[in-house]
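my_file.tsv, holding TSV, C-alpha atoms and all ligand atoms:
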```tsv
chain	number	residue	atom	x	y	z
A	1	MET	CA	-267.89	-16.63	-150.21
A	2	LEU	CA	-270.77	-17.02	-147.77
A	3	SER	CA	-273.98	-18.27	-149.33
A	4	VAL	CA	-277.21	-19.91	-148.29
A	5	GLU	CA	-279.02	-22.34	-150.52
A	6	ASN	CA	-282.66	-23.24	-150.33
A	7	LEU	CA	-282.83	-22.81	-146.57
A	8	ARG	CA	-285.93	-24.02	-144.81
A	9	VAL	CA	-286.08	-23.30	-141.11
A	10	VAL	CA	-288.70	-24.08	-138.50
A	11	TYR	CA	-289.11	-23.19	-134.83
A	12	GLN	CA	-290.54	-25.70	-132.37
A	13	GLU	CA	-290.65	-28.32	-135.13
A	14	VAL	CA	-293.69	-26.75	-136.80
A	15	ILE	CA	-293.47	-22.96	-137.16
A	16	SER	CA	-292.13	-22.52	-140.67
A	17	VAL	CA	-290.16	-19.25	-140.95
A	18	LEU	CA	-287.67	-19.54	-143.82
A	19	GLN	CA	-289.25	-21.18	-146.82
A	20	GLY	CA	-286.42	-21.87	-149.22
A	21	VAL	CA	-284.10	-18.86	-148.96
A	22	SER	CA	-281.07	-18.60	-151.26
A	23	LEU	CA	-278.64	-15.70	-151.36
A	24	LYS	CA	-274.98	-14.84	-151.68
A	25	VAL	CA	-272.72	-12.57	-149.66
A	26	PRO	CA	-269.71	-12.01	-151.93
A	27	ASP	CA	-266.30	-11.52	-150.30
A	28	GLY	CA	-265.30	-7.90	-149.78
A	29	GLU	CA	-268.79	-6.51	-150.38
A	30	ILE	CA	-271.61	-5.13	-148.27
A	31	THR	CA	-274.79	-7.09	-148.94
A	32	VAL	CA	-278.02	-5.80	-147.46
A	33	LEU	CA	-281.18	-7.68	-146.51
A	34	LEU	CA	-284.39	-5.65	-146.32
A	35	GLY	CA	-287.70	-6.92	-145.02
A	36	ALA	CA	-290.69	-6.18	-142.83
A	37	ASN	CA	-291.04	-7.13	-139.17
A	38	GLY	CA	-291.32	-10.88	-138.85
A	39	ALA	CA	-290.11	-11.60	-142.39
A	40	GLY	CA	-287.34	-13.86	-141.10
A	41	LYS	CA	-284.24	-11.61	-141.22
A	42	THR	CA	-283.00	-12.34	-137.72
A	43	THR	CA	-283.82	-16.01	-138.18
A	44	LEU	CA	-281.55	-16.08	-141.23
A	45	LEU	CA	-278.68	-14.55	-139.24
A	46	ARG	CA	-279.23	-17.02	-136.39
A	47	THR	CA	-279.14	-19.83	-138.93
A	48	ILE	CA	-275.87	-18.67	-140.49
A	49	PHE	CA	-274.31	-18.25	-137.06
A	50	GLY	CA	-275.32	-21.66	-135.68
A	51	LEU	CA	-277.68	-20.19	-133.09
A	52	LEU	CA	-280.93	-21.90	-134.07
A	53	PRO	CA	-280.79	-24.58	-131.35
A	54	VAL	CA	-280.75	-21.81	-128.72
A	55	TYR	CA	-284.13	-20.67	-130.03
A	56	ASP	CA	-285.57	-24.14	-130.53
A	57	GLY	CA	-285.14	-23.73	-134.27
A	58	LYS	CA	-283.96	-26.23	-136.85
A	59	ILE	CA	-282.80	-26.36	-140.47
A	60	ILE	CA	-285.05	-28.85	-142.22
A	61	GLU	CA	-283.57	-28.35	-145.68
A	62	GLY	CA	-280.79	-26.46	-147.40
A	63	ASN	CA	-277.36	-25.28	-146.41
A	64	VAL	CA	-275.25	-22.42	-145.21
A	65	PHE	CA	-272.00	-22.58	-147.16
A	66	LEU	CA	-268.69	-20.84	-146.64
A	67	ASP	CA	-266.37	-21.42	-149.59
A	68	GLY	CA	-268.26	-24.63	-150.36
A	69	VAL	CA	-268.13	-26.02	-146.80
A	70	SER	CA	-271.50	-26.53	-145.09
A	71	LEU	CA	-271.64	-24.73	-141.72
A	72	ASN	CA	-275.00	-26.26	-140.79
A	73	ARG	CA	-273.88	-28.37	-137.90
A	74	PHE	CA	-271.34	-26.05	-136.32
A	75	HIS	CA	-271.61	-24.33	-132.97
A	76	SER	CA	-271.27	-20.54	-132.97
A	77	SER	CA	-267.90	-20.73	-131.19
A	78	VAL	CA	-266.49	-22.73	-134.12
A	79	ILE	CA	-268.04	-20.32	-136.60
A	80	VAL	CA	-266.33	-17.37	-134.87
A	81	LYS	CA	-263.00	-19.05	-134.25
A	82	LYS	CA	-262.44	-21.21	-137.29
A	83	TYR	CA	-264.60	-19.60	-139.95
A	84	ARG	CA	-264.18	-16.00	-138.75
A	85	ILE	CA	-267.80	-14.96	-138.95
A	86	THR	CA	-269.14	-12.71	-136.18
A	87	TYR	CA	-272.72	-11.73	-135.51
A	88	ILE	CA	-273.92	-8.62	-133.69
A	89	LEU	CA	-277.38	-9.28	-132.34
A	90	GLU	CA	-280.21	-6.81	-132.69
A	91	GLU	CA	-280.26	-6.43	-128.89
A	92	ARG	CA	-276.69	-5.04	-128.85
A	93	PRO	CA	-275.47	-7.26	-126.05
A	94	VAL	CA	-272.74	-5.83	-123.83
A	95	PHE	CA	-271.77	-6.83	-120.30
A	96	TRP	CA	-273.45	-4.00	-118.42
A	97	TYR	CA	-271.48	-4.33	-115.22
A	98	LEU	CA	-268.11	-4.55	-116.93
A	99	THR	CA	-266.15	-1.55	-118.17
A	100	VAL	CA	-265.64	-0.83	-121.87
A	101	ASP	CA	-262.08	-2.13	-121.55
A	102	GLN	CA	-263.28	-5.36	-119.88
A	103	ASN	CA	-265.99	-5.83	-122.52
A	104	LEU	CA	-263.45	-5.55	-125.33
A	105	LYS	CA	-261.16	-8.04	-123.61
A	106	ALA	CA	-264.02	-10.45	-122.90
A	107	ALA	CA	-264.97	-10.39	-126.57
A	108	ALA	CA	-261.44	-11.44	-127.50
A	109	PHE	CA	-261.89	-14.90	-125.95
A	110	SER	CA	-260.95	-16.57	-129.21
A	111	ARG	CA	-257.69	-14.62	-129.65
A	112	PRO	CA	-254.23	-15.29	-128.24
A	113	ASN	CA	-253.41	-12.97	-125.29
A	114	ARG	CA	-250.43	-11.42	-127.01
A	115	GLU	CA	-252.62	-9.98	-129.76
A	116	ILE	CA	-255.18	-8.33	-127.50
A	117	SER	CA	-253.56	-4.97	-126.74
A	118	GLY	CA	-252.75	-4.40	-130.41
A	119	GLU	CA	-256.31	-5.21	-131.31
A	120	ILE	CA	-257.71	-2.83	-128.70
A	121	ALA	CA	-255.52	-0.08	-130.14
A	122	ARG	CA	-256.95	-0.81	-133.58
A	123	VAL	CA	-260.53	-0.64	-132.28
A	124	LEU	CA	-259.82	2.67	-130.52
A	125	LYS	CA	-258.48	4.10	-133.74
A	126	ILE	CA	-261.81	3.33	-135.39
A	127	PHE	CA	-263.81	4.53	-132.36
A	128	PRO	CA	-261.72	7.22	-130.63
A	129	LYS	CA	-264.69	8.04	-128.39
A	130	LEU	CA	-264.41	4.62	-126.73
A	131	GLY	CA	-260.88	5.57	-125.63
A	132	SER	CA	-262.18	8.13	-123.16
A	133	LEU	CA	-264.77	5.64	-121.90
A	134	MET	CA	-262.48	2.67	-121.26
A	135	ASN	CA	-263.11	2.68	-117.50
A	136	THR	CA	-266.83	3.41	-117.76
A	137	LYS	CA	-269.28	0.60	-117.12
A	138	ALA	CA	-270.99	-0.36	-120.37
A	139	GLY	CA	-274.42	0.01	-118.75
A	140	PHE	CA	-273.84	3.77	-118.52
A	141	LEU	CA	-273.14	4.26	-122.24
A	142	SER	CA	-275.60	5.95	-124.59
A	143	GLY	CA	-277.27	3.86	-127.31
A	144	GLY	CA	-274.80	5.09	-129.93
A	145	GLU	CA	-271.81	4.42	-127.69
A	146	GLN	CA	-273.13	0.95	-126.92
A	147	GLN	CA	-273.45	0.26	-130.64
A	148	MET	CA	-269.82	1.40	-131.13
A	149	LEU	CA	-268.83	-0.96	-128.32
A	150	THR	CA	-270.64	-3.95	-129.82
A	151	ILE	CA	-268.93	-3.34	-133.15
A	152	GLY	CA	-265.62	-2.92	-131.32
A	153	MET	CA	-266.27	-6.21	-129.52
A	154	ALA	CA	-267.07	-7.90	-132.80
A	155	LEU	CA	-263.81	-6.61	-134.30
A	156	MET	CA	-261.91	-8.10	-131.35
A	157	THR	CA	-262.75	-11.53	-132.78
A	158	LYS	CA	-260.96	-10.51	-136.00
A	159	PRO	CA	-263.81	-11.45	-138.33
A	160	LYS	CA	-263.65	-11.78	-142.08
A	161	ILE	CA	-267.42	-11.58	-142.27
A	162	LEU	CA	-269.62	-9.46	-140.03
A	163	LEU	CA	-273.36	-10.09	-139.67
A	164	LEU	CA	-275.13	-6.95	-138.47
A	165	ASP	CA	-278.76	-6.99	-137.33
A	166	GLU	CA	-280.38	-3.55	-137.57
A	167	PRO	CA	-277.42	-1.56	-136.28
A	168	SER	CA	-279.13	1.83	-136.66
A	169	LEU	CA	-282.26	0.88	-134.73
A	170	GLY	CA	-283.13	3.52	-132.15
A	171	LEU	CA	-280.16	5.76	-132.92
A	172	ALA	CA	-280.46	9.48	-133.57
A	173	PRO	CA	-280.06	10.30	-137.29
A	174	LEU	CA	-276.66	11.93	-136.83
A	175	ILE	CA	-275.30	8.94	-134.92
A	176	GLY	CA	-276.85	6.65	-137.53
A	177	ARG	CA	-275.02	8.49	-140.31
A	178	GLU	CA	-271.77	8.22	-138.40
A	179	LEU	CA	-272.41	4.51	-137.97
A	180	PHE	CA	-272.96	3.91	-141.68
A	181	GLY	CA	-269.74	5.83	-142.40
A	182	ILE	CA	-267.92	3.45	-140.09
A	183	ILE	CA	-269.56	0.43	-141.72
A	184	ARG	CA	-268.39	1.70	-145.10
A	185	ASN	CA	-264.83	2.21	-143.81
A	186	LEU	CA	-264.69	-1.25	-142.26
A	187	ASN	CA	-265.71	-2.67	-145.61
A	188	ARG	CA	-263.08	-0.62	-147.43
A	189	ASP	CA	-260.52	-2.15	-145.08
A	190	GLY	CA	-261.56	-5.58	-146.35
A	191	LEU	CA	-264.38	-6.71	-144.07
A	192	THR	CA	-267.29	-8.51	-145.76
A	193	ILE	CA	-270.59	-7.33	-144.27
A	194	PHE	CA	-274.07	-8.81	-144.32
A	195	LEU	CA	-276.36	-6.04	-143.14
A	196	VAL	CA	-279.96	-6.42	-142.04
A	197	GLU	CA	-281.59	-3.00	-141.92
A	198	GLN	CA	-284.89	-1.16	-141.74
A	199	ASN	CA	-283.16	2.04	-142.78
A	200	ALA	CA	-283.22	1.08	-146.44
A	201	HIS	CA	-281.88	4.37	-147.71
A	202	ALA	CA	-278.74	4.36	-145.59
A	203	ALA	CA	-278.20	0.64	-146.09
A	204	LEU	CA	-278.53	0.76	-149.88
A	205	SER	CA	-276.23	3.77	-150.05
A	206	VAL	CA	-273.34	1.74	-148.60
A	207	ALA	CA	-274.19	-1.70	-150.03
A	208	ALA	CA	-273.15	-3.28	-153.32
A	209	ARG	CA	-276.10	-5.67	-153.56
A	210	GLY	CA	-279.31	-6.36	-151.74
A	211	TYR	CA	-282.20	-8.75	-151.20
A	212	VAL	CA	-285.76	-8.25	-150.04
A	213	ILE	CA	-287.32	-10.97	-147.91
A	214	GLU	CA	-291.04	-11.32	-147.35
A	215	GLY	CA	-292.77	-14.09	-145.44
A	216	GLY	CA	-289.61	-16.17	-145.37
A	217	ARG	CA	-288.97	-15.93	-149.12
A	218	ILE	CA	-286.64	-13.74	-151.16
A	219	VAL	CA	-288.91	-11.72	-153.40
A	220	LEU	CA	-286.41	-9.34	-154.96
A	221	ASP	CA	-282.68	-9.00	-155.45
A	222	GLY	CA	-280.29	-6.82	-157.38
A	223	THR	CA	-277.49	-4.32	-157.13
A	224	ALA	CA	-278.03	-1.55	-154.61
A	225	GLN	CA	-278.57	0.85	-157.50
A	226	GLU	CA	-281.21	-1.41	-159.05
A	227	LEU	CA	-283.02	-1.66	-155.73
A	228	ILE	CA	-282.87	2.08	-155.09
A	229	HIS	CA	-284.60	2.57	-158.44
A	230	ASN	CA	-287.05	-0.30	-158.05
A	231	LYS	CA	-290.64	0.98	-157.77
A	232	ASP	CA	-291.68	-1.33	-154.94
A	233	VAL	CA	-288.56	-0.67	-152.93
A	234	ARG	CA	-289.01	3.06	-153.43
A	235	GLU	CA	-292.59	2.87	-152.29
A	236	PHE	CA	-292.35	0.45	-149.40
A	237	TYR	CA	-288.85	1.00	-148.07
A	238	LEU	CA	-287.79	4.45	-149.18
A	239	GLY	CA	-291.16	6.12	-148.70
A	240	VAL	CA	-291.11	7.66	-152.18
A	241	ALA	CA	-294.56	7.95	-153.76
A	242	GLY	CA	-295.15	6.81	-157.31
A	243	GLY	CA	-296.93	4.34	-159.53
A	244	ASP	CA	-300.36	4.37	-161.17
A	245	GLN	CA	-303.80	3.69	-159.63
A	246	GLN	CA	-303.49	-0.05	-159.85
A	247	ARG	CA	-300.18	-0.02	-158.10
A	248	PHE	CA	-301.50	2.31	-155.45
A	249	ARG	CA	-304.36	-0.04	-154.64
A	250	ASP	CA	-301.92	-2.91	-154.48
A	251	ALA	CA	-299.69	-0.81	-152.34
A	252	LYS	CA	-302.45	-0.09	-149.84
A	253	ARG	CA	-303.24	-3.75	-149.52
A	254	TYR	CA	-299.56	-4.47	-149.18
A	255	LYS	CA	-299.13	-1.81	-146.55
A	256	ARG	CA	-301.92	-3.16	-144.38
A	257	ARG	CA	-299.96	-6.36	-144.06
A	258	LYS	CA	-296.86	-4.49	-142.90
A	259	ARG	CA	-296.48	-3.60	-139.28
A	260	TRP	CA	-293.59	-1.30	-140.06
A	261	LEU	CA	-295.66	1.26	-141.88
A	301	LIG	N1	-287.80	-18.70	-131.04
A	301	LIG	C1	-288.89	-18.57	-131.78
A	301	LIG	N2	-289.92	-19.45	-131.66
A	301	LIG	C2	-291.02	-19.34	-132.46
A	301	LIG	N3	-291.19	-18.40	-133.39
A	301	LIG	C3	-290.21	-17.50	-133.55
A	301	LIG	C4	-289.02	-17.53	-132.76
A	301	LIG	N4	-288.22	-16.51	-133.15
A	301	LIG	C5	-288.90	-15.87	-134.12
A	301	LIG	N5	-290.07	-16.45	-134.37
A	301	LIG	C6	-291.05	-16.06	-135.41
A	301	LIG	O1	-290.44	-16.16	-136.66
A	301	LIG	C7	-290.84	-15.09	-137.51
A	301	LIG	C8	-289.61	-14.37	-138.03
A	301	LIG	O2	-288.96	-13.73	-136.96
A	301	LIG	P1	-287.61	-12.93	-137.14
A	301	LIG	O3	-287.19	-12.47	-135.78
A	301	LIG	O4	-286.66	-13.76	-137.90
A	301	LIG	O5	-288.09	-11.71	-138.04
A	301	LIG	P2	-287.35	-10.36	-138.45
A	301	LIG	O6	-287.46	-10.24	-139.91
A	301	LIG	O7	-286.00	-10.31	-137.84
A	301	LIG	O8	-288.30	-9.25	-137.78
A	301	LIG	P3	-287.95	-7.84	-137.08
A	301	LIG	O9	-287.81	-6.85	-138.20
A	301	LIG	O10	-289.14	-7.54	-136.25
A	301	LIG	O11	-286.70	-7.99	-136.29
A	301	LIG	C9	-291.77	-14.23	-136.69
A	301	LIG	O12	-293.08	-14.57	-137.02
A	301	LIG	C10	-291.46	-14.61	-135.27
A	301	LIG	O13	-292.58	-14.49	-134.44
A	302	MG	MG	-285.08	-9.07	-136.46
```
For this file, produce the structure as structure tokens.
Amino acid sequence: MLSVENLRVVYQEVISVLQGVSLKVPDGEITVLLGANGAGKTTLLRTIFGLLPVYDGKIIEGNVFLDGVSLNRFHSSVIVKKYRITYILEERPVFWYLTVDQNLKAAAFSRPNREISGEIARVLKIFPKLGSLMNTKAGFLSGGEQQMLTIGMALMTKPKILLLDEPSLGLAPLIGRELFGIIRNLNRDGLTIFLVEQNAHAALSVAARGYVIEGGRIVLDGTAQELIHNKDVREFYLGVAGGDQQRFRDAKRYKRRKRWL
């Protein structure tokens, strides 16, 4: 199981972003992380994936554990290859000037050559649309197609755990729904998923458990059902009105602090 324990992370030695975060991503489940802009979601994914040094960030306390082994000091390439964790960045990176086929092959750098064609066939089964785009340059794909490609590229590394940073961002609702269906199917096929999302409704509908992070601290956690029914989550993340006067006043103050509302 992937877990983080009491993680404290700073950028540029002084900017404190994660202030003692602990959470668990149980094997075989979808775990969701909700939080406002700037709460530290992406920073947590960078930390798990060994990317902090790239951003001048550092763990000053705590650990990322996989089955009891601390991953703190490992480079991302080791985390992909040995520990089978893959991270899809918020920016959906693809090689724009390479074709879909070349992108998928490039992503398979950690795999033996003999396995690559079988793996591409598996990805195309999940994303049949990519099949007709194999010779198209990735730069010409639509946002939804690019997101399919990044997930396809991630699958080429044969992950056990997938870290997804806001996969539905900027996608049309219909494409978003299709995407969450795919996420659910990948999980049913055994993939463990840690999902950072702003689309709380869609995320909680596929997840088993979830956490809410605010100002670098986990302020709430529970099963997806518990979170869906939680008053604050309903109000701040699901846009469902409710609560008495006192709560409403609190909510207004709360909302002013949030850039996402
Ligand atoms: N490389 C960096 N150097 C300094 N500060 C950074 C760096 N990267 C992020 N931050 C700061 O850390 C805080 C958390 O950023 P992070 O990207 O983790 O938030 P987030 O929850 O992913 O937000 P969003 O929903 O907007 O993606 C923000 O205040 C951000 O400005
Ligand atoms: Mg982010």
Neighbourhood of ligand LIG 301 (chain A) at 12 Å, counting all atoms listed in the file, reported as a PyMOL selection string: chain A and resi 9-19+33-47+51-58+89-91+164-167+169+195-199+212-218+258-261
For the residues selected in the previous step, produce a file with C-alpha atoms as an mmCIF file, in the frame of the given file.
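Done, and the output landed in selection27.cif:
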```cif
data_model
loop_
_atom_site.group_PDB
_atom_site.id
_atom_site.type_symbol
_atom_site.label_atom_id
_atom_site.label_comp_id
_atom_site.auth_asym_id
_atom_site.auth_seq_id
_atom_site.Cartn_x
_atom_site.Cartn_y
_atom_site.Cartn_z
ATOM 1 C CA VAL A 9 -286.080 -23.300 -141.110
ATOM 2 C CA VAL A 10 -288.700 -24.080 -138.500
ATOM 3 C CA TYR A 11 -289.110 -23.190 -134.830
ATOM 4 C CA GLN A 12 -290.540 -25.700 -132.370
ATOM 5 C CA GLU A 13 -290.650 -28.320 -135.130
ATOM 6 C CA VAL A 14 -293.690 -26.750 -136.800
ATOM 7 C CA ILE A 15 -293.470 -22.960 -137.160
ATOM 8 C CA SER A 16 -292.130 -22.520 -140.670
ATOM 9 C CA VAL A 17 -290.160 -19.250 -140.950
ATOM 10 C CA LEU A 18 -287.670 -19.540 -143.820
ATOM 11 C CA GLN A 19 -289.250 -21.180 -146.820
ATOM 12 C CA LEU A 33 -281.180 -7.680 -146.510
ATOM 13 C CA LEU A 34 -284.390 -5.650 -146.320
ATOM 14 C CA GLY A 35 -287.700 -6.920 -145.020
ATOM 15 C CA ALA A 36 -290.690 -6.180 -142.830
ATOM 16 C CA ASN A 37 -291.040 -7.130 -139.170
ATOM 17 C CA GLY A 38 -291.320 -10.880 -138.850
ATOM 18 C CA ALA A 39 -290.110 -11.600 -142.390
ATOM 19 C CA GLY A 40 -287.340 -13.860 -141.100
ATOM 20 C CA LYS A 41 -284.240 -11.610 -141.220
ATOM 21 C CA THR A 42 -283.000 -12.340 -137.720
ATOM 22 C CA THR A 43 -283.820 -16.010 -138.180
ATOM 23 C CA LEU A 44 -281.550 -16.080 -141.230
ATOM 24 C CA LEU A 45 -278.680 -14.550 -139.240
ATOM 25 C CA ARG A 46 -279.230 -17.020 -136.390
ATOM 26 C CA THR A 47 -279.140 -19.830 -138.930
ATOM 27 C CA LEU A 51 -277.680 -20.190 -133.090
ATOM 28 C CA LEU A 52 -280.930 -21.900 -134.070
ATOM 29 C CA PRO A 53 -280.790 -24.580 -131.350
ATOM 30 C CA VAL A 54 -280.750 -21.810 -128.720
ATOM 31 C CA TYR A 55 -284.130 -20.670 -130.030
ATOM 32 C CA ASP A 56 -285.570 -24.140 -130.530
ATOM 33 C CA GLY A 57 -285.140 -23.730 -134.270
ATOM 34 C CA LYS A 58 -283.960 -26.230 -136.850
ATOM 35 C CA LEU A 89 -277.380 -9.280 -132.340
ATOM 36 C CA GLU A 90 -280.210 -6.810 -132.690
ATOM 37 C CA GLU A 91 -280.260 -6.430 -128.890
ATOM 38 C CA LEU A 164 -275.130 -6.950 -138.470
ATOM 39 C CA ASP A 165 -278.760 -6.990 -137.330
ATOM 40 C CA GLU A 166 -280.380 -3.550 -137.570
ATOM 41 C CA PRO A 167 -277.420 -1.560 -136.280
ATOM 42 C CA LEU A 169 -282.260 0.880 -134.730
ATOM 43 C CA LEU A 195 -276.360 -6.040 -143.140
ATOM 44 C CA VAL A 196 -279.960 -6.420 -142.040
ATOM 45 C CA GLU A 197 -281.590 -3.000 -141.920
ATOM 46 C CA GLN A 198 -284.890 -1.160 -141.740
ATOM 47 C CA ASN A 199 -283.160 2.040 -142.780
ATOM 48 C CA VAL A 212 -285.760 -8.250 -150.040
ATOM 49 C CA ILE A 213 -287.320 -10.970 -147.910
ATOM 50 C CA GLU A 214 -291.040 -11.320 -147.350
ATOM 51 C CA GLY A 215 -292.770 -14.090 -145.440
ATOM 52 C CA GLY A 216 -289.610 -16.170 -145.370
ATOM 53 C CA ARG A 217 -288.970 -15.930 -149.120
ATOM 54 C CA ILE A 218 -286.640 -13.740 -151.160
ATOM 55 C CA LYS A 258 -296.860 -4.490 -142.900
ATOM 56 C CA ARG A 259 -296.480 -3.600 -139.280
ATOM 57 C CA TRP A 260 -293.590 -1.300 -140.060
ATOM 58 C CA LEU A 261 -295.660 1.260 -141.880
#
```
Tell me which protein, DNA and RNA residues are within 10 Å of Gly190 of chain A, counting only C-alpha atoms, leaving out same-chain ones fewer than 3 positions away, and put them as a PDB file with C-alpha atoms, keeping the file's coordinate frame.
```
ATOM      1  CA  ASP A  27    -266.300 -11.520-150.300  1.00  0.00           C
ATOM      2  CA  GLY A  28    -265.300  -7.900-149.780  1.00  0.00           C
ATOM      3  CA  GLU A  29    -268.790  -6.510-150.380  1.00  0.00           C
ATOM      4  CA  LYS A 160    -263.650 -11.780-142.080  1.00  0.00           C
ATOM      5  CA  ILE A 161    -267.420 -11.580-142.270  1.00  0.00           C
ATOM      6  CA  ASN A 185    -264.830   2.210-143.810  1.00  0.00           C
ATOM      7  CA  LEU A 186    -264.690  -1.250-142.260  1.00  0.00           C
ATOM      8  CA  ASN A 187    -265.710  -2.670-145.610  1.00  0.00           C
ATOM      9  CA  ILE A 193    -270.590  -7.330-144.270  1.00  0.00           C
TER      10      ILE A 193
END
```
Pick from A:Leu124, A:Leu149, A:Ile60, A:Leu179 nearest to Asn72 of chain A, counting all atoms listed in the file: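 Of A:Leu124, A:Leu149, A:Ile60, A:Leu179, the one nearest Asn72 of chain A, counting all atoms listed in the file, is A:Ile60.
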A:Ala203, A:Ile88, A:Ala208, A:Phe109 ranked by distance to ligand MG 302 (chain A), top pick (using only C-alpha atoms and all ligand atoms):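 Distance minimum relative to ligand MG 302 (chain A) lands on A:Ile88.
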Coordinates-based distance that separates atom CA of Val206 of chain A from atom CA of Arg188 of chain A (Å, one decimal):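 So the answer is 10.6 Å.
Between atom CA of Gly152 of chain A and atom CA of Lys82 of chain A there is a distance of 19.5 Å.
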Between atom CA of Ala108 of chain A and atom CA of Ala172 of chain A, distance in Å (one decimal): 28.9 Å
Local residues around (-257.6, -15.5, -130.0), at most 12 Å away, using only C-alpha atoms, as a list in words: Ser77, Val80, Lys81, Lys82, Arg84, Lys105, Ala106, Ala107, Ala108, Phe109, Ser110, Arg111, Pro112, Asn113, Arg114, Glu115, Ile116, Ser117, Glu119, Leu155, Met156, Thr157, Lys158 and Pro159 of chain A
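Comparing A:Leu7, A:Leu71, A:Leu104, A:Ile175 by their smallest distance to Ala121 of chain A, the closest is A:Leu104 (using all atoms listed in the file).
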